[in-house]
Structure formats: C-alpha cells, structure tokens
$ cat start_31.txt   # compact mmCIF, C-alpha atoms
# COMPACT_ATOMS: atom_id res chain seq x y z
CA MET A 1 -9.40 -16.31 23.28
CA LEU A 2 -9.74 -12.56 23.02
CA VAL A 3 -8.74 -10.73 19.85
CA ARG A 4 -8.23 -6.97 19.80
CA GLU A 5 -7.11 -4.71 16.96
CA THR A 6 -6.19 -1.07 17.39
CA VAL A 7 -5.70 1.32 14.47
CA ILE A 8 -3.59 4.44 15.10
CA PRO A 9 -3.33 7.21 12.45
CA ILE A 10 0.24 8.13 11.49
CA ASP A 11 1.44 11.61 10.53
CA ASP A 12 4.13 12.21 7.91
CA ILE A 13 7.44 10.69 9.00
CA ASN A 14 10.62 12.77 9.01
CA GLU A 15 13.34 10.56 7.54
CA GLN A 16 16.04 12.64 9.24
CA LEU A 17 14.85 11.38 12.62
CA LEU A 18 14.77 7.65 11.85
CA LEU A 19 16.80 5.01 13.66
CA GLU A 20 19.52 3.75 11.34
CA VAL A 21 20.53 0.08 11.59
CA ASN A 22 23.42 -1.28 9.55
CA GLY A 23 23.31 1.80 7.33
CA LYS A 24 19.60 1.44 6.60
CA LYS A 25 16.92 3.93 7.61
CA ASP A 26 13.84 2.36 6.03
CA LEU A 27 13.64 -0.68 8.30
CA TYR A 28 10.74 0.84 10.23
CA LYS A 29 8.62 0.05 7.16
CA LYS A 30 9.80 -3.54 6.98
CA SER A 31 9.54 -4.32 10.67
CA ILE A 32 7.03 -6.09 12.88
CA TYR A 33 6.91 -4.67 16.42
CA LEU A 34 6.55 -7.45 18.97
CA ASP A 35 5.83 -7.66 22.67
CA LEU A 36 4.62 -10.65 24.69
CA GLU A 37 3.08 -10.89 28.13
CA HIS A 38 3.92 -14.38 29.30
CA TYR A 39 3.88 -16.73 32.26
CA VAL A 40 7.09 -18.58 33.07
CA TYR A 41 7.58 -20.93 36.01
CA ARG A 42 11.02 -22.53 35.63
CA ILE A 43 10.10 -23.10 31.99
CA PRO A 44 7.81 -21.08 29.68
CA ILE A 45 4.18 -22.04 30.41
CA CYS A 46 2.15 -19.83 28.10
CA VAL A 47 1.87 -16.52 26.27
CA GLY A 48 -0.88 -14.48 27.90
CA VAL A 49 -0.86 -11.69 25.31
CA PHE A 50 0.75 -11.98 21.87
CA GLY A 51 1.08 -8.36 20.74
CA ILE A 52 2.04 -7.58 17.14
CA GLY A 53 2.24 -4.13 15.52
CA TYR A 54 3.10 -2.99 12.02
CA LEU A 55 2.96 0.04 9.75
CA ASP A 56 0.24 -0.10 7.10
CA GLU A 57 1.70 2.32 4.55
CA GLU A 58 -1.29 2.18 2.21
CA ASP A 59 -3.76 3.34 4.86
CA LYS A 60 -1.19 5.47 6.73
CA VAL A 61 -1.95 3.82 10.03
CA PHE A 62 -0.16 1.71 12.61
CA ARG A 63 -2.03 -1.49 13.44
CA VAL A 64 -1.73 -3.40 16.70
CA VAL A 65 -3.22 -6.90 16.82
CA GLN A 66 -3.39 -8.75 20.14
CA TYR A 67 -4.32 -12.32 21.00
CA MET A 68 -5.05 -12.95 24.68
CA LEU A 69 -5.79 -16.26 26.34
CA GLU A 70 -8.80 -16.63 28.61
CA ASN A 71 -7.80 -20.01 30.05
CA ARG A 72 -5.39 -22.86 29.38
CA GLU A 73 -7.48 -24.20 26.49
CA ASP A 74 -6.38 -21.12 24.52
CA VAL A 75 -2.62 -21.65 24.89
CA ARG A 76 -2.01 -23.24 21.50
CA GLU A 77 -4.56 -21.03 19.72
CA VAL A 78 -2.83 -17.85 20.91
CA LEU A 79 0.51 -19.17 19.63
CA TYR A 80 -0.98 -20.37 16.36
CA LYS A 81 -2.73 -17.06 15.66
CA GLY A 82 0.46 -15.17 16.44
CA LYS A 83 2.42 -17.37 14.08
CA GLU A 84 -0.17 -17.03 11.31
CA LEU A 85 -0.11 -13.23 11.51
CA LEU A 86 3.69 -13.17 11.52
CA ARG A 87 3.74 -15.33 8.41
CA LYS A 88 1.09 -13.21 6.68
CA LEU A 89 3.02 -10.04 7.41
CA LYS A 90 6.15 -11.59 5.93
CA THR A 91 4.62 -13.11 2.80
CA THR A 92 1.94 -10.51 2.02
CA TYR A 93 3.42 -7.27 3.36
CA GLY A 94 7.12 -8.00 3.00
CA LYS A 95 7.97 -7.56 6.66
CA SER A 96 11.37 -9.13 7.27
CA TYR A 97 12.44 -7.63 10.63
CA ILE A 98 11.12 -7.92 14.17
CA THR A 99 11.71 -4.99 16.53
CA THR A 100 11.62 -5.66 20.27
CA PHE A 101 12.89 -4.16 23.48
CA SER A 102 15.24 -6.62 25.20
CA GLY A 103 13.56 -9.29 23.12
CA ASN A 104 15.70 -12.30 24.04
CA ASN A 105 13.19 -13.38 26.69
CA ASP A 106 10.29 -13.15 24.24
CA PHE A 107 12.20 -15.09 21.58
CA THR A 108 13.15 -17.77 24.13
CA VAL A 109 9.50 -18.18 25.12
CA ILE A 110 8.34 -18.34 21.50
CA ARG A 111 10.98 -20.89 20.50
CA TYR A 112 10.20 -23.13 23.47
CA LEU A 113 6.41 -23.03 23.12
CA PHE A 114 6.39 -23.28 19.32
CA LYS A 115 8.49 -26.43 19.62
CA LYS A 116 6.31 -27.84 22.43
CA TYR A 117 3.08 -27.31 20.49
CA LYS A 118 4.62 -28.30 17.13
CA ILE A 119 4.11 -24.92 15.48
CA ASP A 120 6.23 -24.80 12.36
CA MET A 121 8.06 -21.49 12.54
CA ASP A 122 11.59 -20.59 13.62
CA VAL A 123 11.14 -16.88 14.27
CA ASN A 124 14.86 -16.17 14.54
CA LYS A 125 15.54 -17.73 11.14
CA GLU A 126 12.61 -16.12 9.34
CA PHE A 127 13.13 -12.58 10.67
CA ILE A 128 16.08 -10.31 11.43
CA SER A 129 16.02 -8.96 14.96
CA ILE A 130 16.29 -5.29 15.93
CA ASP A 131 16.57 -4.73 19.69
CA ILE A 132 15.93 -1.12 20.71
CA GLN A 133 17.65 -1.64 24.05
CA GLU A 134 20.79 -2.85 22.25
CA GLU A 135 20.66 0.06 19.79
CA TYR A 136 20.58 2.49 22.73
CA LYS A 137 23.49 0.70 24.38
CA LYS A 138 25.57 1.03 21.19
CA VAL A 139 25.17 4.82 21.34
CA LYS A 140 25.20 5.53 25.08
CA ASN A 141 27.16 2.53 26.36
CA GLU A 142 24.58 1.88 29.07
CA VAL A 143 21.56 -0.32 29.59
CA ILE A 144 18.17 1.36 29.94
CA GLY A 145 14.64 0.13 30.60
CA LEU A 146 11.76 0.85 28.26
CA LYS A 147 9.91 3.12 30.69
CA ASN A 148 12.99 5.29 31.24
CA LEU A 149 13.62 5.45 27.50
CA GLU A 150 10.01 6.55 26.98
CA LYS A 151 10.66 9.42 29.38
CA ILE A 152 13.65 10.53 27.28
CA PHE A 153 11.35 10.52 24.23
CA ASN A 154 8.60 12.43 26.09
CA ILE A 155 6.19 9.53 25.54
CA ASP A 156 3.21 9.63 27.89
CA ARG A 157 1.59 6.23 28.25
CA ASP A 158 -1.87 7.63 29.13
CA GLY A 159 -2.53 4.52 31.15
CA GLU A 160 -1.62 2.59 34.26
CA VAL A 161 1.89 1.15 34.42
CA ILE A 162 1.72 -2.52 35.39
CA SER A 163 4.69 -4.44 36.77
CA GLY A 164 5.89 -7.55 34.99
CA ASN A 165 5.34 -9.54 38.18
CA THR A 166 1.69 -8.46 38.38
CA LEU A 167 1.14 -9.35 34.72
CA ALA A 168 2.71 -12.79 35.16
CA LYS A 169 0.56 -13.50 38.24
CA THR A 170 -2.64 -12.55 36.42
CA ILE A 171 -1.76 -14.67 33.39
CA GLY A 172 -0.85 -17.54 35.72
CA LYS A 173 -4.28 -17.36 37.36
CA MET A 174 -5.97 -17.40 33.96
CA PHE A 175 -3.92 -20.44 32.99
CA HIS A 176 -4.58 -22.44 36.16
CA ASP A 177 -8.19 -21.42 36.87
CA ARG A 178 -10.60 -22.06 34.00
CA GLU A 179 -13.22 -19.66 35.42
CA TYR A 180 -10.90 -16.84 36.47
CA CYS A 181 -11.34 -14.99 33.17
CA TYR A 182 -15.07 -14.73 33.90
CA ARG A 183 -14.55 -13.44 37.45
CA ILE A 184 -11.84 -10.90 36.72
CA PRO A 185 -13.19 -7.37 36.12
CA ARG A 186 -13.24 -6.47 32.44
CA GLU A 187 -11.42 -3.26 33.33
CA LYS A 188 -8.41 -5.29 34.48
CA ILE A 189 -8.27 -7.18 31.18
CA ASP A 190 -8.55 -3.90 29.28
CA LYS A 191 -5.66 -2.43 31.31
CA ILE A 192 -3.44 -5.40 30.40
CA LEU A 193 -4.30 -5.07 26.71
CA VAL A 194 -3.74 -1.30 26.69
CA TYR A 195 -0.43 -1.76 28.51
CA ASN A 196 0.73 -4.29 25.91
CA GLU A 197 -0.50 -2.09 23.07
CA LYS A 198 1.59 0.82 24.39
CA ASP A 199 4.66 -1.41 24.63
CA VAL A 200 4.22 -2.31 20.95
CA TYR A 201 3.34 1.14 19.61
CA ASN A 202 6.03 2.93 21.60
CA LEU A 203 8.70 0.78 19.93
CA PHE A 204 7.53 2.24 16.63
CA LEU A 205 7.53 5.80 18.01
CA ILE A 206 11.06 5.42 19.34
CA ASN A 207 12.17 4.09 15.96
CA ILE A 208 10.79 7.01 13.95
CA LEU A 209 11.86 9.72 16.44
CA TRP A 210 15.30 8.33 17.29
CA ASN A 211 17.49 11.20 16.12
CA LYS A 212 15.31 13.80 17.78
CA PHE A 213 16.31 12.51 21.20
CA ILE A 214 19.37 10.29 20.75
CA ASN A 215 22.60 11.72 19.36
CA ASP A 216 25.84 9.97 18.51
$ encode --input "start_31.txt" --output "structure tokens"
Amino acid sequence: MLVRETVIPIDDINEQLLLEVNGKKDLYKKSIYLDLEHYVYRIPICVGVFGIGYLDEEDKVFRVVQYMLENREDVREVLYKGKELLRKLKTTYGKSYITTFSGNNDFTVIRYLFKKYKIDMDVNKEFISIDIQEEYKKVKNEVIGLKNLEKIFNIDRDGEVISGNTLAKTIGKMFHDREYCYRIPREKIDKILVYNEKDVYNLFLINILWNKFIND
C-alpha cells in the first residue's frame, strides 16, 4: 500500500465568502473532505485511492492524506487505514462533517466494503454529510459536474484531467494483476494521486470561496 501526505499552506480565510449550511458558516473547520477512486463491477470491488483532507487550524495548513492499493492484498488495509484516520479526525480534532461532491457513490462503496471486510464504522451515522453538488443545486436549480464548477471558481488543476473510466480500469488492473503495480510507470501512479488530491483540496477551496462566485 502506498501512503502519501500533502501539506498545503492556507492564507487568511474571509468569513464573508464561506458556504453557509443550515445557517452555519464555520463547518469548513469541522469537515473532512473526502474523495475515493474505486473499482466497481456490478458490486463494489475495492477502493483504489482513499483520499481524505482536513484543515489543520493550529498549523494553518490543509492536509491531504491518501492510501492507495498496489494489489488486491491491500484492499482491506486501505479501508482500515481510511477508517482509522476518519475516527482520529472525529475524536481528536472534532471533525463531525464529511464534505463530498456527489458523494452518494462514495458512501455506497464505503458502506458495502466496510460491511464485507467487517470494519466497524457506519460513516453516515458518525458524520453529517455536506454535498457540494447538492448545495449548488439548491442555489442554481441545476446539476453541475465538479470540473465545470471548478471553472466557475477559476480553479486551475495544474495537472492532467483523468476520466473516471480510465481510473477505474487502472485500479481494476492493480486489483487483478499482482505485478501490475511494479510494471506501471511511476508517473502514472503520481498522476492518479495528484488528481485525487486536487479533487479533495478543491472541495475545500469551493467551500471557503463560495460567496465570491455563487450568489443567491
């Protein structure tokens, strides 16, 4: 299993720009930002990348931690490490929300695989969900994809955009072929991790810049 942590410095946050959910504007502090890259074939098979981000107020940084499987032997370990970090962030850092973009698929995969591998966490009971796609729909009455929303927020990914189908195929190969992770170019693995990192971090950016670009 690969483990990667990225630390991103954070400037002062303008509270006038924050996304407000249920009358609260400080939820960005209490939220975990989640994005999974997974492989599903009729049923969820595995999580290829378990990406978790959160604001570290003390150090004034945003941290992204990623667990990536190298082959099928890592399937449970990736899930277990993800669960352990989620629990630590709740109990130690007081994080009680999970922010996603169209997160129902990710939650479905987590619930199914946690149950299959007997991992004792019900994510939907332990955390309150904030779905950025749903928050946009409430204001604009339309459904938007993350990449198009990033354009509205002038967010430049600074990296290659990878299709969900391509990601799923790569993760599927890593699951089925024990040696594939050693044959695949390291640059391809890095691209997947950077892509997932941007998905996670950009959820945070959209949250703290909401009112600069989205108006009621």
$ atom_distance --input "start_31.txt" --atom1 "CA of His38 (chain A)" --atom2 "CA of Leu89 (chain A)"
22.3 Å
$ residues_around --input "start_31.txt" --residues "Ile110 (chain A)" --least-positions-apart "4" --cutoff "9 Å" --atoms "all atoms listed in the file" --output "list in words"
Pro44, Val47, Leu79, Asn105, Asp106, Phe114, Lys115, Asp122 and Val123 of chain A
$ write_last_selection --input "start_31.txt" --atoms "C-alpha atoms" --output "mmCIF file, keeping the file's coordinate frame"
data_model
loop_
_atom_site.group_PDB
_atom_site.id
_atom_site.type_symbol
_atom_site.label_atom_id
_atom_site.label_comp_id
_atom_site.auth_asym_id
_atom_site.auth_seq_id
_atom_site.Cartn_x
_atom_site.Cartn_y
_atom_site.Cartn_z
ATOM 1 C CA PRO A 44 7.810 -21.080 29.680
ATOM 2 C CA VAL A 47 1.870 -16.520 26.270
ATOM 3 C CA LEU A 79 0.510 -19.170 19.630
ATOM 4 C CA ASN A 105 13.190 -13.380 26.690
ATOM 5 C CA ASP A 106 10.290 -13.150 24.240
ATOM 6 C CA PHE A 114 6.390 -23.280 19.320
ATOM 7 C CA LYS A 115 8.490 -26.430 19.620
ATOM 8 C CA ASP A 122 11.590 -20.590 13.620
ATOM 9 C CA VAL A 123 11.140 -16.880 14.270
#
$ residues_near_point --input "start_31.txt" --point "(11.6, -0.5, 18.1)" --cutoff "8 Å" --atoms "only C-alpha atoms" --output "list in words"
Tyr33, Thr99, Thr100, Phe101, Ile130, Asp131, Ile132, Asn202, Leu203, Phe204, Leu205, Ile206 and Asn207 of chain A
$ closest_residue --input "start_31.txt" --among "A:Lys60, A:Lys137, A:Lys198, A:Arg178" --to "Asp35 (chain A)" --atoms "only C-alpha atoms"
A:Lys198
$ atom_distance --input "start_31.txt" --atom1 "CA of Tyr39 (chain A)" --atom2 "CA of Ala168 (chain A)"
5.0 Å
$ closest_residue --input "start_31.txt" --among "A:Cys46, A:Leu113, A:Leu193, A:Val65" --to "His176 (chain A)" --atoms "only C-alpha atoms"
A:Cys46
$ residues_around --input "start_31.txt" --residues "Asp56 (chain A)" --least-positions-apart "3" --cutoff "10 Å" --atoms "all atoms listed in the file" --output "list of chain:residue names"
A:Val7, A:Ile8, A:Pro9, A:Ile10, A:Lys29, A:Gly53, A:Asp59, A:Lys60, A:Val61, A:Phe62, A:Arg63, A:Tyr93
$ atom_distance --input "start_31.txt" --atom1 "CA of Lys151 (chain A)" --atom2 "CA of Ile192 (chain A)"
20.5 Å
$ closest_residue --input "start_31.txt" --among "A:Val200, A:Phe213, A:Phe175, A:Lys169" --to "Leu149 (chain A)" --atoms "only C-alpha atoms"
A:Phe213
$ closest_residue --input "start_31.txt" --among "A:Leu19, A:Val109, A:Arg157, A:Val139" --to "Ile43 (chain A)" --atoms "all atoms listed in the file"
A:Val109
$ closest_residue --input "start_31.txt" --among "A:Thr108, A:Asn71, A:Asn211, A:Asn165" --to "Tyr136 (chain A)" --atoms "only C-alpha atoms"
A:Asn211
$ closest_residue --input "start_31.txt" --among "A:Gln16, A:Asp11, A:Glu126, A:Tyr117" --to "Ile45 (chain A)" --atoms "all atoms listed in the file"
A:Tyr117
$ axis_aligned_box --input "start_31.txt" --around "region 8-17 of chain A" --padding-each-side "3 Å" --output "JSON"
{"center_x": 6.2, "center_y": 8.6, "center_z": 11.3, "size_x": 25.6, "size_y": 14.3, "size_z": 13.6}
$ residues_around --input "start_31.txt" --residues "Leu209 (chain A)" --least-positions-apart "5" --cutoff "8 Å" --atoms "only C-alpha atoms" --output "list of chain:residue names"
A:Leu17, A:Leu18, A:Leu19, A:Phe153
$ build_atoms --input "start_31.txt" --residues "region 13-24 of chain A" --atoms "all heavy atoms" --output "PDB file, keeping the file's coordinate frame"
ATOM      1  N   ILE A  13       6.247  11.093   8.261  1.00  0.00           N
ATOM      2  CA  ILE A  13       7.440  10.690   9.000  1.00  0.00           C
ATOM      3  C   ILE A  13       8.655  11.427   8.453  1.00  0.00           C
ATOM      4  O   ILE A  13       8.889  11.470   7.240  1.00  0.00           O
ATOM      5  CB  ILE A  13       7.633   9.163   8.890  1.00  0.00           C
ATOM      6  CG1 ILE A  13       6.496   8.450   9.642  1.00  0.00           C
ATOM      7  CG2 ILE A  13       8.994   8.732   9.432  1.00  0.00           C
ATOM      8  CD1 ILE A  13       6.478   6.951   9.465  1.00  0.00           C
ATOM      9  N   ASN A  14       9.406  12.040   9.368  1.00  0.00           N
ATOM     10  CA  ASN A  14      10.620  12.770   9.010  1.00  0.00           C
ATOM     11  C   ASN A  14      11.782  11.783   8.932  1.00  0.00           C
ATOM     12  O   ASN A  14      12.225  11.247   9.951  1.00  0.00           O
ATOM     13  CB  ASN A  14      10.907  13.840  10.063  1.00  0.00           C
ATOM     14  CG  ASN A  14      12.099  14.707   9.706  1.00  0.00           C
ATOM     15  OD1 ASN A  14      12.904  14.359   8.849  1.00  0.00           O
ATOM     16  ND2 ASN A  14      12.217  15.842  10.373  1.00  0.00           N
ATOM     17  N   GLU A  15      12.291  11.561   7.731  1.00  0.00           N
ATOM     18  CA  GLU A  15      13.340  10.560   7.540  1.00  0.00           C
ATOM     19  C   GLU A  15      14.647  10.945   8.225  1.00  0.00           C
ATOM     20  O   GLU A  15      15.504  10.077   8.454  1.00  0.00           O
ATOM     21  CB  GLU A  15      13.568  10.321   6.050  1.00  0.00           C
ATOM     22  CG  GLU A  15      12.360   9.684   5.356  1.00  0.00           C
ATOM     23  CD  GLU A  15      12.679   9.214   3.950  1.00  0.00           C
ATOM     24  OE1 GLU A  15      13.837   9.429   3.501  1.00  0.00           O
ATOM     25  OE2 GLU A  15      11.788   8.625   3.317  1.00  0.00           O
ATOM     26  N   GLN A  16      14.829  12.214   8.546  1.00  0.00           N
ATOM     27  CA  GLN A  16      16.040  12.640   9.240  1.00  0.00           C
ATOM     28  C   GLN A  16      16.085  12.146  10.684  1.00  0.00           C
ATOM     29  O   GLN A  16      17.149  12.120  11.309  1.00  0.00           O
ATOM     30  CB  GLN A  16      16.158  14.167   9.218  1.00  0.00           C
ATOM     31  CG  GLN A  16      16.229  14.767   7.829  1.00  0.00           C
ATOM     32  CD  GLN A  16      17.388  14.228   7.016  1.00  0.00           C
ATOM     33  OE1 GLN A  16      18.509  14.152   7.502  1.00  0.00           O
ATOM     34  NE2 GLN A  16      17.126  13.859   5.765  1.00  0.00           N
ATOM     35  N   LEU A  17      14.930  11.776  11.217  1.00  0.00           N
ATOM     36  CA  LEU A  17      14.850  11.380  12.620  1.00  0.00           C
ATOM     37  C   LEU A  17      14.919   9.873  12.831  1.00  0.00           C
ATOM     38  O   LEU A  17      15.000   9.398  13.964  1.00  0.00           O
ATOM     39  CB  LEU A  17      13.545  11.908  13.247  1.00  0.00           C
ATOM     40  CG  LEU A  17      13.323  13.421  13.191  1.00  0.00           C
ATOM     41  CD1 LEU A  17      12.004  13.783  13.858  1.00  0.00           C
ATOM     42  CD2 LEU A  17      14.476  14.166  13.854  1.00  0.00           C
ATOM     43  N   LEU A  18      14.917   9.096  11.756  1.00  0.00           N
ATOM     44  CA  LEU A  18      14.770   7.650  11.850  1.00  0.00           C
ATOM     45  C   LEU A  18      15.991   6.966  12.459  1.00  0.00           C
ATOM     46  O   LEU A  18      17.136   7.377  12.243  1.00  0.00           O
ATOM     47  CB  LEU A  18      14.528   7.059  10.459  1.00  0.00           C
ATOM     48  CG  LEU A  18      13.230   7.468   9.761  1.00  0.00           C
ATOM     49  CD1 LEU A  18      13.227   6.965   8.323  1.00  0.00           C
ATOM     50  CD2 LEU A  18      12.026   6.916  10.503  1.00  0.00           C
ATOM     51  N   LEU A  19      15.733   5.894  13.196  1.00  0.00           N
ATOM     52  CA  LEU A  19      16.800   5.010  13.660  1.00  0.00           C
ATOM     53  C   LEU A  19      17.447   4.346  12.460  1.00  0.00           C
ATOM     54  O   LEU A  19      16.756   3.814  11.581  1.00  0.00           O
ATOM     55  CB  LEU A  19      16.210   3.945  14.590  1.00  0.00           C
ATOM     56  CG  LEU A  19      17.141   2.786  14.973  1.00  0.00           C
ATOM     57  CD1 LEU A  19      18.316   3.302  15.812  1.00  0.00           C
ATOM     58  CD2 LEU A  19      16.379   1.715  15.737  1.00  0.00           C
ATOM     59  N   GLU A  20      18.770   4.387  12.418  1.00  0.00           N
ATOM     60  CA  GLU A  20      19.520   3.750  11.340  1.00  0.00           C
ATOM     61  C   GLU A  20      20.178   2.482  11.867  1.00  0.00           C
ATOM     62  O   GLU A  20      20.877   2.509  12.889  1.00  0.00           O
ATOM     63  CB  GLU A  20      20.570   4.709  10.797  1.00  0.00           C
ATOM     64  CG  GLU A  20      21.376   4.160   9.630  1.00  0.00           C
ATOM     65  CD  GLU A  20      22.354   5.183   9.064  1.00  0.00           C
ATOM     66  OE1 GLU A  20      21.966   6.369   8.961  1.00  0.00           O
ATOM     67  OE2 GLU A  20      23.490   4.795   8.752  1.00  0.00           O
ATOM     68  N   VAL A  21      19.939   1.356  11.190  1.00  0.00           N
ATOM     69  CA  VAL A  21      20.530   0.080  11.590  1.00  0.00           C
ATOM     70  C   VAL A  21      21.279  -0.497  10.401  1.00  0.00           C
ATOM     71  O   VAL A  21      20.708  -0.679   9.329  1.00  0.00           O
ATOM     72  CB  VAL A  21      19.440  -0.909  12.057  1.00  0.00           C
ATOM     73  CG1 VAL A  21      20.078  -2.239  12.469  1.00  0.00           C
ATOM     74  CG2 VAL A  21      18.634  -0.335  13.216  1.00  0.00           C
ATOM     75  N   ASN A  22      22.560  -0.741  10.612  1.00  0.00           N
ATOM     76  CA  ASN A  22      23.420  -1.280   9.550  1.00  0.00           C
ATOM     77  C   ASN A  22      23.336  -0.440   8.266  1.00  0.00           C
ATOM     78  O   ASN A  22      23.257  -0.972   7.152  1.00  0.00           O
ATOM     79  CB  ASN A  22      23.049  -2.732   9.246  1.00  0.00           C
ATOM     80  CG  ASN A  22      23.305  -3.640  10.435  1.00  0.00           C
ATOM     81  OD1 ASN A  22      24.245  -3.418  11.203  1.00  0.00           O
ATOM     82  ND2 ASN A  22      22.468  -4.654  10.603  1.00  0.00           N
ATOM     83  N   GLY A  23      23.320   0.887   8.459  1.00  0.00           N
ATOM     84  CA  GLY A  23      23.310   1.800   7.330  1.00  0.00           C
ATOM     85  C   GLY A  23      21.968   1.957   6.641  1.00  0.00           C
ATOM     86  O   GLY A  23      21.879   2.633   5.604  1.00  0.00           O
ATOM     87  N   LYS A  24      20.920   1.367   7.207  1.00  0.00           N
ATOM     88  CA  LYS A  24      19.600   1.440   6.600  1.00  0.00           C
ATOM     89  C   LYS A  24      18.634   2.209   7.493  1.00  0.00           C
ATOM     90  O   LYS A  24      18.578   1.988   8.696  1.00  0.00           O
ATOM     91  CB  LYS A  24      19.053   0.031   6.340  1.00  0.00           C
ATOM     92  CG  LYS A  24      19.914  -0.787   5.392  1.00  0.00           C
ATOM     93  CD  LYS A  24      19.356  -2.195   5.219  1.00  0.00           C
ATOM     94  CE  LYS A  24      20.234  -3.016   4.286  1.00  0.00           C
ATOM     95  NZ  LYS A  24      19.734  -4.400   4.135  1.00  0.00           N
TER      96      LYS A  24
END
